[in-house]
file run_9.pdb (PDB, C-alpha atoms)
ATOM      1  CA  MET A1093       9.809   8.893  20.444
ATOM      2  CA  THR A1094      12.218   7.663  23.102
ATOM      3  CA  ASP A1095       9.235   6.227  24.974
ATOM      4  CA  SER A1096       8.096   4.214  21.940
ATOM      5  CA  THR A1097      10.815   1.572  21.770
ATOM      6  CA  ASP A1098       8.689  -0.960  23.631
ATOM      7  CA  ARG A1099       5.596  -0.263  21.525
ATOM      8  CA  ASP A1100       4.161  -2.540  18.864
ATOM      9  CA  PRO A1101       4.877  -0.752  15.544
ATOM     10  CA  TYR A1102       1.361  -1.447  14.268
ATOM     11  CA  ASP A1103      -0.135   0.205  17.353
ATOM     12  CA  LEU A1104       2.136   3.209  16.896
ATOM     13  CA  PHE A1105       1.236   3.400  13.209
ATOM     14  CA  ALA A1106      -2.495   3.251  14.024
ATOM     15  CA  GLU A1107      -2.018   6.102  16.505
ATOM     16  CA  TRP A1108      -0.252   8.255  13.922
ATOM     17  CA  MET A1109      -2.811   7.398  11.234
ATOM     18  CA  LYS A1110      -5.652   8.428  13.549
ATOM     19  CA  GLU A1111      -3.980  11.783  14.070
ATOM     20  CA  ALA A1112      -3.430  12.155  10.324
ATOM     21  CA  GLU A1113      -7.107  11.477   9.678
ATOM     22  CA  GLN A1114      -7.892  14.525  11.805
ATOM     23  CA  SER A1115      -5.284  16.852  10.313
ATOM     24  CA  GLU A1116      -4.647  15.913   6.669
ATOM     25  CA  PRO A1117      -6.823  17.790   4.135
ATOM     26  CA  ASN A1118      -7.454  14.611   2.114
ATOM     27  CA  ASP A1119      -6.314  10.996   1.683
ATOM     28  CA  PRO A1120      -4.390  10.439   4.935
ATOM     29  CA  ASN A1121      -4.012   6.824   3.738
ATOM     30  CA  ALA A1122      -2.044   7.893   0.642
ATOM     31  CA  MET A1123       1.363   6.282   0.400
ATOM     32  CA  ALA A1124       4.219   6.172  -2.076
ATOM     33  CA  LEU A1125       4.719   2.627  -3.340
ATOM     34  CA  ALA A1126       8.165   1.774  -4.679
ATOM     35  CA  THR A1127       8.642  -1.365  -6.757
ATOM     36  CA  ALA A1128      11.358  -2.716  -9.028
ATOM     37  CA  ASP A1129      11.201  -4.856 -12.125
ATOM     38  CA  ALA A1130      13.008  -8.166 -12.643
ATOM     39  CA  ASN A1131      16.182  -6.238 -13.539
ATOM     40  CA  GLY A1132      16.054  -4.141 -10.378
ATOM     41  CA  ILE A1133      15.002  -0.895 -12.103
ATOM     42  CA  PRO A1134      12.792   1.012  -9.621
ATOM     43  CA  SER A1135       9.613   3.023 -10.067
ATOM     44  CA  VAL A1136       7.359   4.790  -7.586
ATOM     45  CA  ARG A1137       3.778   6.067  -7.495
ATOM     46  CA  MET A1138       1.088   7.079  -4.997
ATOM     47  CA  VAL A1139      -1.541   4.506  -3.985
ATOM     48  CA  LEU A1140      -4.017   4.182  -1.117
ATOM     49  CA  LEU A1141      -3.641   1.932   1.911
ATOM     50  CA  LYS A1142      -6.796  -0.177   2.106
ATOM     51  CA  GLY A1143      -6.054  -2.405   5.065
ATOM     52  CA  ILE A1144      -3.611  -3.121   7.847
ATOM     53  CA  ASP A1145      -3.425  -6.230  10.002
ATOM     54  CA  PRO A1146      -0.783  -7.922  12.181
ATOM     55  CA  ARG A1147       0.869  -9.286   9.037
ATOM     56  CA  GLY A1148       1.185  -6.132   6.972
ATOM     57  CA  PHE A1149      -0.093  -3.279   4.819
ATOM     58  CA  VAL A1150      -2.636  -4.001   2.049
ATOM     59  CA  PHE A1151      -3.456  -2.205  -1.207
ATOM     60  CA  TYR A1152      -5.261  -3.262  -4.386
ATOM     61  CA  THR A1153      -4.474  -2.967  -8.070
ATOM     62  CA  ASN A1154      -4.697  -4.400 -11.559
ATOM     63  CA  THR A1155      -2.033  -7.117 -11.742
ATOM     64  CA  GLU A1156      -1.495  -6.294 -15.437
ATOM     65  CA  SER A1157      -0.521  -2.699 -14.587
ATOM     66  CA  ARG A1158       3.110  -1.658 -14.387
ATOM     67  CA  LYS A1159       3.203  -1.951 -10.606
ATOM     68  CA  GLY A1160       1.298  -5.246 -10.719
ATOM     69  CA  THR A1161       3.685  -6.888 -13.167
ATOM     70  CA  GLN A1162       6.687  -5.577 -11.224
ATOM     71  CA  LEU A1163       5.357  -6.913  -7.938
ATOM     72  CA  LEU A1164       4.781 -10.334  -9.473
ATOM     73  CA  ALA A1165       8.295 -10.343 -10.963
ATOM     74  CA  ASN A1166      10.107  -8.949  -7.910
ATOM     75  CA  ARG A1167       8.166  -9.536  -4.711
ATOM     76  CA  ASN A1168       9.713  -6.808  -2.626
ATOM     77  CA  ALA A1169       8.394  -3.298  -2.084
ATOM     78  CA  ALA A1170       8.734  -0.147  -0.008
ATOM     79  CA  LEU A1171       6.074   2.264   1.231
ATOM     80  CA  CYS A1172       6.318   5.838   2.476
ATOM     81  CA  PHE A1173       3.567   7.748   4.249
ATOM     82  CA  HIS A1174       4.174  11.508   4.499
ATOM     83  CA  TRP A1175       1.814  13.627   6.577
ATOM     84  CA  LYS A1176       2.782  17.263   6.021
ATOM     85  CA  SER A1177       0.255  18.524   8.568
ATOM     86  CA  LEU A1178       1.985  16.470  11.279
ATOM     87  CA  ARG A1179       5.517  16.800   9.882
ATOM     88  CA  ARG A1180       5.878  13.031  10.130
ATOM     89  CA  GLN A1181       6.561  10.115   7.864
ATOM     90  CA  VAL A1182       6.570   6.322   8.109
ATOM     91  CA  ARG A1183       8.670   4.085   5.856
ATOM     92  CA  VAL A1184       7.937   0.383   5.393
ATOM     93  CA  GLU A1185      10.093  -2.210   3.615
ATOM     94  CA  GLY A1186       9.605  -5.910   3.074
ATOM     95  CA  PRO A1187       8.529  -8.796   0.871
ATOM     96  CA  VAL A1188       5.099  -8.851  -0.755
ATOM     97  CA  GLU A1189       2.382 -11.488  -0.979
ATOM     98  CA  VAL A1190      -0.878 -11.648  -2.922
ATOM     99  CA  VAL A1191      -3.952 -11.481  -0.684
ATOM    100  CA  THR A1192      -6.405 -14.371  -0.660
ATOM    101  CA  ASP A1193      -9.274 -14.500  -3.144
ATOM    102  CA  ALA A1194     -11.693 -14.103  -0.232
ATOM    103  CA  GLU A1195      -9.976 -10.872   0.870
ATOM    104  CA  ALA A1196      -9.918  -9.492  -2.678
ATOM    105  CA  ASP A1197     -13.559 -10.427  -3.283
ATOM    106  CA  ALA A1198     -14.687  -8.795  -0.043
ATOM    107  CA  TYR A1199     -12.880  -5.535  -0.742
ATOM    108  CA  PHE A1200     -13.968  -5.451  -4.408
ATOM    109  CA  GLU A1201     -17.590  -5.882  -3.364
ATOM    110  CA  SER A1202     -17.254  -2.903  -0.985
ATOM    111  CA  ARG A1203     -16.267  -0.534  -3.812
ATOM    112  CA  PRO A1204     -18.802   1.705  -5.570
ATOM    113  CA  ARG A1205     -20.386   0.011  -8.581
ATOM    114  CA  GLU A1206     -18.797   2.568 -10.921
ATOM    115  CA  SER A1207     -15.343   1.694  -9.579
ATOM    116  CA  ARG A1208     -16.005  -2.007 -10.131
ATOM    117  CA  ILE A1209     -17.011  -1.276 -13.730
ATOM    118  CA  GLY A1210     -13.860   0.808 -14.101
ATOM    119  CA  ALA A1211     -11.704  -2.113 -12.986
ATOM    120  CA  TRP A1212     -12.982  -4.056 -15.995
ATOM    121  CA  ALA A1213     -12.806  -1.143 -18.419
ATOM    122  CA  SER A1214      -9.291   0.115 -17.714
ATOM    123  CA  LEU A1215      -6.335  -1.557 -19.430
ATOM    124  CA  GLN A1216      -4.194   0.001 -16.740
ATOM    125  CA  SER A1217      -0.754   1.339 -17.723
ATOM    126  CA  ARG A1218      -1.236   0.536 -21.411
ATOM    127  CA  PRO A1219      -1.400   3.154 -24.209
ATOM    128  CA  LEU A1220      -4.744   4.981 -24.560
ATOM    129  CA  GLU A1221      -5.638   6.478 -27.944
ATOM    130  CA  GLY A1222      -8.039   8.992 -26.449
ATOM    131  CA  ARG A1223     -10.451   9.553 -23.564
ATOM    132  CA  TRP A1224     -13.311   8.414 -25.789
ATOM    133  CA  GLU A1225     -11.748   4.954 -25.958
ATOM    134  CA  LEU A1226     -11.899   4.578 -22.167
ATOM    135  CA  GLU A1227     -15.432   5.951 -22.012
ATOM    136  CA  LYS A1228     -16.489   3.466 -24.703
ATOM    137  CA  ARG A1229     -15.100   0.567 -22.693
ATOM    138  CA  VAL A1230     -16.826   1.844 -19.539
ATOM    139  CA  ALA A1231     -20.133   1.917 -21.424
ATOM    140  CA  GLN A1232     -19.563  -1.600 -22.780
ATOM    141  CA  PHE A1233     -18.938  -3.130 -19.358
ATOM    142  CA  ALA A1234     -21.719  -1.090 -17.748
ATOM    143  CA  ALA A1235     -24.093  -2.675 -20.283
ATOM    144  CA  LYS A1236     -22.602  -6.128 -19.751
ATOM    145  CA  TYR A1237     -23.117  -5.935 -15.989
ATOM    146  CA  ALA A1238     -26.295  -3.851 -16.029
ATOM    147  CA  ILE A1239     -28.116  -6.466 -13.982
ATOM    148  CA  GLY A1240     -26.811  -8.204 -10.886
ATOM    149  CA  THR A1241     -23.432  -7.930  -9.238
ATOM    150  CA  VAL A1242     -20.193  -6.917 -10.899
ATOM    151  CA  PRO A1243     -17.698  -9.783 -10.412
ATOM    152  CA  ARG A1244     -14.069  -9.152  -9.580
ATOM    153  CA  PRO A1245     -11.842  -9.310 -12.676
ATOM    154  CA  PRO A1246      -9.299 -12.167 -12.576
ATOM    155  CA  HIS A1247      -6.505  -9.599 -13.070
ATOM    156  CA  TRP A1248      -7.537  -7.450 -10.081
ATOM    157  CA  THR A1249      -6.421  -8.280  -6.557
ATOM    158  CA  GLY A1250      -4.537  -7.032  -3.538
ATOM    159  CA  PHE A1251      -0.969  -7.156  -2.302
ATOM    160  CA  ARG A1252       0.241  -7.210   1.287
ATOM    161  CA  VAL A1253       3.641  -5.783   2.201
ATOM    162  CA  LEU A1254       5.053  -7.914   5.028
ATOM    163  CA  PRO A1255       7.311  -5.493   6.894
ATOM    164  CA  SER A1256      10.835  -6.458   7.792
ATOM    165  CA  ARG A1257      11.566  -2.812   8.632
ATOM    166  CA  ILE A1258       9.337   0.093   9.730
ATOM    167  CA  GLU A1259      10.808   3.530  10.371
ATOM    168  CA  PHE A1260       8.978   6.339  12.162
ATOM    169  CA  TRP A1261      10.304   9.828  11.406
ATOM    170  CA  ARG A1262       9.272  13.002  13.203
ATOM    171  CA  ASP A1263      10.410  16.520  12.405
ATOM    172  CA  ARG A1264      12.424  18.358  15.036
ATOM    173  CA  PRO A1265      14.006  21.838  15.015
ATOM    174  CA  PHE A1266      17.314  22.436  13.246
ATOM    175  CA  ARG A1267      17.012  19.175  11.277
ATOM    176  CA  LEU A1268      17.660  17.148  14.442
ATOM    177  CA  HIS A1269      14.807  14.801  13.618
ATOM    178  CA  ASP A1270      13.662  11.747  15.559
ATOM    179  CA  ARG A1271      14.112   8.442  13.731
ATOM    180  CA  LEU A1272      12.970   5.170  15.305
ATOM    181  CA  VAL A1273      13.316   1.894  13.410
ATOM    182  CA  PHE A1274      11.563  -1.390  14.144
ATOM    183  CA  LEU A1275      13.341  -4.429  12.675
ATOM    184  CA  ARG A1276      11.728  -7.839  12.377
ATOM    185  CA  ALA A1277      13.588 -10.292  14.583
ATOM    186  CA  GLU A1278      14.057 -13.938  13.646
ATOM    187  CA  GLY A1279      14.922 -16.959  15.739
ATOM    188  CA  THR A1280      17.710 -19.391  14.903
ATOM    189  CA  ASP A1281      15.198 -21.522  12.993
ATOM    190  CA  GLY A1282      14.204 -18.574  10.781
ATOM    191  CA  THR A1283      10.814 -18.002  12.404
ATOM    192  CA  GLN A1284       9.775 -14.449  13.289
ATOM    193  CA  THR A1285      10.048 -13.741  17.003
ATOM    194  CA  GLY A1286       9.021 -10.094  17.259
ATOM    195  CA  TRP A1287      10.663  -6.719  16.807
ATOM    196  CA  THR A1288      13.893  -5.049  17.808
ATOM    197  CA  THR A1289      14.292  -1.278  17.795
ATOM    198  CA  GLU A1290      17.056   1.222  17.213
ATOM    199  CA  HIS A1291      17.325   4.986  16.979
ATOM    200  CA  LEU A1292      19.116   6.539  13.982
ATOM    201  CA  TYR A1293      20.999   9.775  13.603
ATOM    202  CA  PRO A1294      18.920  12.296  11.616
TER     203      PRO A1294
END

call {"tool": "encode", "arguments": {"input": "run_9.pdb", "output": "structure tokens"}}
result
Amino acid sequence: MTDSTDRDPYDLFAEWMKEAEQSEPNDPNAMALATADANGIPSVRMVLLKGIDPRGFVFYTNTESRKGTQLLANRNAALCFHWKSLRRQVRVEGPVEVVTDAEADAYFESRPRESRIGAWASLQSRPLEGRWELEKRVAQFAAKYAIGTVPRPPHWTGFRVLPSRIEFWRDRPFRLHDRLVFLRAEGTDGTQTGWTTEHLYP
């Protein structure tokens, strides 16, 4: 990756993602999402990347879930993409923002109707007495929204990780891996001015 130091990290990520889409058996957009609660206690889980733009990486969730409440209490997160077929990974770290209502509405509307019903039915991360209880709630909301569109629940939205650091890792023989880090640069007035790069020892 020595020839990538002058690249835009989003362009490089898009290139790697395109390759992963051709080689990964399923869910090339799967990523580990690490969050921490208000006391700094971490947790991690797999989620799906649903958008990327010049500002950051977007995913969606129930804000009343464990990850949702942690993100609202501690607005910093880390992501890790691992593509075994390519022997590559990308790590992203930075603050988090809630997407706009327009963005959340547009993505919610693009989901299958059953998934939209599920967003209403699931009390995500809370105790479930049995599968029948979930199925009952699905049936209730399916009946409620049998006609017309299924609106987005007020507790369902997206988060955007605004990268301050992006690391590209590529496997090399004898554990002498390539590691290239892009760091968000800031001007003296605190405004973002672009990226700096550095290579790391494996």

call {"tool": "resolve_selection", "arguments": {"input": "run_9.pdb", "expression": "the PyMOL selection byres ((chain A and resi 1223-1229) around 10)", "output": "PDB file with C-alpha atoms, keeping the file's coordinate frame"}}
result
ATOM      1  CA  ILE A1209     -17.011  -1.276 -13.730  1.00  0.00           C
ATOM      2  CA  GLY A1210     -13.860   0.808 -14.101  1.00  0.00           C
ATOM      3  CA  TRP A1212     -12.982  -4.056 -15.995  1.00  0.00           C
ATOM      4  CA  ALA A1213     -12.806  -1.143 -18.419  1.00  0.00           C
ATOM      5  CA  SER A1214      -9.291   0.115 -17.714  1.00  0.00           C
ATOM      6  CA  LEU A1215      -6.335  -1.557 -19.430  1.00  0.00           C
ATOM      7  CA  LEU A1220      -4.744   4.981 -24.560  1.00  0.00           C
ATOM      8  CA  GLU A1221      -5.638   6.478 -27.944  1.00  0.00           C
ATOM      9  CA  GLY A1222      -8.039   8.992 -26.449  1.00  0.00           C
ATOM     10  CA  VAL A1230     -16.826   1.844 -19.539  1.00  0.00           C
ATOM     11  CA  ALA A1231     -20.133   1.917 -21.424  1.00  0.00           C
ATOM     12  CA  GLN A1232     -19.563  -1.600 -22.780  1.00  0.00           C
ATOM     13  CA  PHE A1233     -18.938  -3.130 -19.358  1.00  0.00           C
ATOM     14  CA  ALA A1234     -21.719  -1.090 -17.748  1.00  0.00           C
ATOM     15  CA  ALA A1235     -24.093  -2.675 -20.283  1.00  0.00           C
TER      16      ALA A1235
END

call {"tool": "axis_aligned_box", "arguments": {"input": "run_9.pdb", "around": "region 1195-1203 of chain A", "padding_each_side": "8 Å", "output": "lines of an AutoDock Vina configuration file"}}
result
center_x = -13.8
center_y = -5.7
center_z = -1.8
size_x = 23.7
size_y = 26.3
size_z = 21.3

call {"tool": "atom_distance", "arguments": {"input": "run_9.pdb", "atom1": "CA of Ala1126 (chain A)", "atom2": "CA of Leu1163 (chain A)"}}
result
9.7 Å

call {"tool": "atom_distance", "arguments": {"input": "run_9.pdb", "atom1": "CA of Lys1176 (chain A)", "atom2": "CA of Thr1153 (chain A)"}}
result
25.7 Å

call {"tool": "resolve_selection", "arguments": {"input": "run_9.pdb", "expression": "the PyMOL selection byres ((chain A and resi 1249) around 8)", "output": "ChimeraX atom specification"}}
result
/A:1152-1155,1190-1191,1193,1196,1246-1248,1250-1251

call {"tool": "write_last_selection", "arguments": {"input": "run_9.pdb", "atoms": "C-alpha atoms", "output": "compact mmCIF listing (two decimals), in the coordinates of the input"}}
result
# COMPACT_ATOMS: atom_id res chain seq x y z
CA TYR A 1152 -5.26 -3.26 -4.39
CA THR A 1153 -4.47 -2.97 -8.07
CA ASN A 1154 -4.70 -4.40 -11.56
CA THR A 1155 -2.03 -7.12 -11.74
CA VAL A 1190 -0.88 -11.65 -2.92
CA VAL A 1191 -3.95 -11.48 -0.68
CA ASP A 1193 -9.27 -14.50 -3.14
CA ALA A 1196 -9.92 -9.49 -2.68
CA PRO A 1246 -9.30 -12.17 -12.58
CA HIS A 1247 -6.50 -9.60 -13.07
CA TRP A 1248 -7.54 -7.45 -10.08
CA GLY A 1250 -4.54 -7.03 -3.54
CA PHE A 1251 -0.97 -7.16 -2.30

call {"tool": "atom_distance", "arguments": {"input": "run_9.pdb", "atom1": "CA of Met1109 (chain A)", "atom2": "CA of Asp1263 (chain A)"}}
result
16.1 Å

call {"tool": "closest_residue", "arguments": {"input": "run_9.pdb", "among": "A:Arg1137, A:Arg1179, A:Lys1110, A:His1174", "to": "Lys1159 (chain A)", "atoms": "all atoms listed in the file"}}
result
A:Arg1137

call {"tool": "residues_around", "arguments": {"input": "run_9.pdb", "residues": "Phe1149 (chain A)", "least_positions_apart": "4", "cutoff": "7 Å", "atoms": "only C-alpha atoms", "output": "list of chain:residue names"}}
result
A:Leu1141, A:Gly1143, A:Ile1144, A:Asp1145, A:Arg1252, A:Val1253, A:Leu1254

call {"tool": "residues_around", "arguments": {"input": "run_9.pdb", "residues": "Trp1108 (chain A)", "least_positions_apart": "2", "cutoff": "10 Å", "atoms": "all atoms listed in the file", "output": "PyMOL selection string"}}
result
chain A and resi 1102-1106+1110-1113+1175+1178+1180-1182+1260

call {"tool": "residues_around", "arguments": {"input": "run_9.pdb", "residues": "Met1138 (chain A)", "least_positions_apart": "3", "cutoff": "12 Å", "atoms": "only C-alpha atoms", "output": "VMD selection string"}}
result
chain A and resid 1119 to 1127 1135 1141 1151 1153 1159 1170 to 1174

call {"tool": "closest_residue", "arguments": {"input": "run_9.pdb", "among": "A:Arg1276, A:Arg1208, A:Arg1158, A:Lys1236", "to": "Thr1288 (chain A)", "atoms": "all atoms listed in the file"}}
result
A:Arg1276

call {"tool": "resolve_selection", "arguments": {"input": "run_9.pdb", "expression": "the PyMOL selection byres ((chain A and resi 1256) around 9)", "output": "ChimeraX atom specification"}}
result
/A:1184-1187,1254-1255,1257-1258,1274-1277

call {"tool": "closest_residue", "arguments": {"input": "run_9.pdb", "among": "A:His1291, A:Asp1098, A:Val1188, A:Ser1157", "to": "His1269 (chain A)", "atoms": "all atoms listed in the file"}}
result
A:His1291
